[in-house]
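**Student:** Attaching a single structure in structure tokens format; questions to follow.
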Amino acid sequence: MSSMAKKSIEDILIESLDQPVHEGEKQQLDQRLALDKDVRKQHDQYLKIREMMRRKRETSFGPYFSVRVATRIQNMRKEIDHQILFFFKKYQLAALGILIAIVAVNIISAKDISVQSVLGIDEKNINNVVNDADSITFDFYKTLNEQL
Amino acid sequence: MRHEGKVAAVICSILGDGMEAEDVGQEVFVKFYQSLGKFKGESAPATYLIRIAINQSLNEVKKRKRKNNLFTSIDQGKNVKMMDDQDIQNVIQAELNKLDPDFQSVVTLRLIEGYSTQETADILDIPLGTVLSRLSRAQKKLREVLIKYV
């Protein structure tokens with residue numbers, strides 16, 4: 001019996017344990033199993049090893065595993081929030097300084113101190129808009145008659 | 001959790017029972033939660049979870065190998081006839097961890113957890129032929145070392 005032939009029959013034998021093999025291979029395997037004691041022994045060994053390896057009991061991570069996972073996810077989210085907060089904290093002081101500087105410049109440059117001057121709104125523009133609004137007239141009945 | 005048992009089984013097959021296995025288990029569900037946005041439903045959630053579990057466990061194996069941390073102390077001198085089921089499971093686990101990770105994942109899913117070859121291929125996202133060839137090579141290697149226990 002050549003080693004090549006033996007290897008081939010071993011491959012067929014192993015494959016046959018997981019899925020149906022081709023008809024020709026099946027016949028070859030059945031024939032060898034019937035005639036060759038070594039192949040039969042090999043077949044039995046593979047079956048026993050597979051049986052030995054198969055899981056025989058249920059496994060679990062124990063009670064409250066889901067609670068532990070949920071807690072871990074919550075902690076992870078808190079950690080991300082904390083990181084975001086920490087990232088922006090560095091810029092908080094600088095942003096506050098810039099804001100105070102803008103307000104101070106507005107107050108200094110304004111003629112009189114008012115809410116508009118602090119917010120940096122041009123007072124002349126506001127007055128213009130109000131004046132323009134007064135000059136607009138709308139005669140409802142005239143427009144209605146024209147439409148009819 | 002619906003799939004906790006399946007995830008626990010896969011992780012414990014590779015890493016053994018213990019706190020580290022549970023840590024990896026938690027990591028698997030956290031990773032699943034984090035990747036929910038990317039999950040397109042191409043495979044069943046259980047398949048996706050088991051895939052993460054396999055990858056996380058094999059990463060842990062790599063870490064342990066780097067640290068040269070043996071999984072379970074095996075009494076090599078112990079008489080085979082004196083060995084109980086737990087001893088034999090420890091031997092199997094130690095031998096499994098000597099295999100290449102690609103072979104280990106196939107053997108874990110097919111031979112230990114009893115998934116079909118097609119399910120194994122789906123979980124690992126590899127062709128069925130690859131599963132069969134890896135199974136064949138892994139079983140030959142395992143037979144060489146486990147033959148004395150049968």
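Within each chain, counting starts at residue 1; across the structure tokens, chains are named A, B, ... in the order shown, with ligands numbered 1 upward in that order.
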List the spatial neighbours of B:Thr130 as a PyMOL selection string - criterion: any atom at most 12 Å away, only C-alpha atoms, same-chain residues fewer than 3 positions off excluded.

**Tutor:** chain B and resi 102-103+106+117-118+120-122+124-127+133-138

**Student:** Listing only residues of chain A within 10 Å of chain B, what is the closest atom pair and its distance in Å (to one decimal) for each, using only C-alpha atoms, sorted by chain and residue number ascending, as CSV?

**Tutor:**
residue,atom,partner,partner_atom,distance
A:Glu10,CA,B:Lys140,CA,8.9
A:Asp11,CA,B:Ser136,CA,6.8
A:Ile12,CA,B:Ser136,CA,9.3
A:Leu13,CA,B:Ser136,CA,9.4
A:Ile14,CA,B:Ser136,CA,6.1
A:Glu15,CA,B:Ser136,CA,6.9
A:Leu17,CA,B:Ser136,CA,9.9
A:Asp18,CA,B:Thr117,CA,7.0
A:Gln19,CA,B:Thr117,CA,8.0
A:Gln42,CA,B:Arg143,CA,9.4
A:Asp44,CA,B:Val150,CA,9.5
A:Gln45,CA,B:Val150,CA,6.9
A:Tyr46,CA,B:Arg143,CA,7.1
A:Leu47,CA,B:Val150,CA,9.7
A:Lys48,CA,B:Val150,CA,6.3
A:Ile49,CA,B:Val150,CA,6.6
A:Arg50,CA,B:Leu111,CA,6.3
A:Glu51,CA,B:Leu111,CA,8.4
A:Met52,CA,B:Val150,CA,8.0
A:Met53,CA,B:Ile112,CA,5.5
A:Arg54,CA,B:Ile112,CA,4.2
A:Arg55,CA,B:Ile112,CA,5.2
A:Lys56,CA,B:Ile112,CA,8.9
A:Arg57,CA,B:Ala9,CA,9.1
A:Glu58,CA,B:Gly5,CA,7.2
A:Thr59,CA,B:Ala9,CA,5.3
A:Ser60,CA,B:Gly5,CA,5.1
A:Phe61,CA,B:Glu22,CA,6.0
A:Gly62,CA,B:Glu22,CA,8.9
A:Tyr64,CA,B:Met1,CA,9.7
A:Phe65,CA,B:Gln26,CA,8.0
A:Ser66,CA,B:Met1,CA,6.1
A:Val67,CA,B:Met1,CA,9.6
A:Arg68,CA,B:Gln26,CA,7.7
A:Val69,CA,B:Gln26,CA,5.6
A:Ala70,CA,B:Val30,CA,8.6
A:Arg72,CA,B:Val30,CA,7.8
A:Ile73,CA,B:Val30,CA,6.4
A:Met76,CA,B:Val30,CA,9.2

**Student:** With only C-alpha atoms as the basis for distance, which of B:Leu99, B:Leu128, B:Leu15, B:Ala94 is at the shortest distance from B:Glu60?

**Tutor:**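 Among the listed residues, B:Leu15 lies closest to B:Glu60.
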
**Student:** With only C-alpha atoms as the basis for distance, which of A:Ile80, A:Asn75, A:Ile9, A:Lys26 is at the shortest distance from A:Arg40?

**Tutor:**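 Smallest separation from A:Arg40 among the options: A:Ile9.
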
**Student:** Using only C-alpha atoms, which of the listed residues (B:Phe32, B:Asn90, B:Glu20, B:Gly37) sits closest to B:Arg51?

**Tutor:**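 Nearest candidate to B:Arg51 out of B:Phe32, B:Asn90, B:Glu20, B:Gly37: B:Phe32.
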
**Student:** Hey, what does DSSP flag as alpha helix (DSSP H) within stretch 4-93 of chain A? Can you give it to me as a PyMOL selection string?

**Tutor:** chain A and resi 4-16+23-35+37-53+65-93
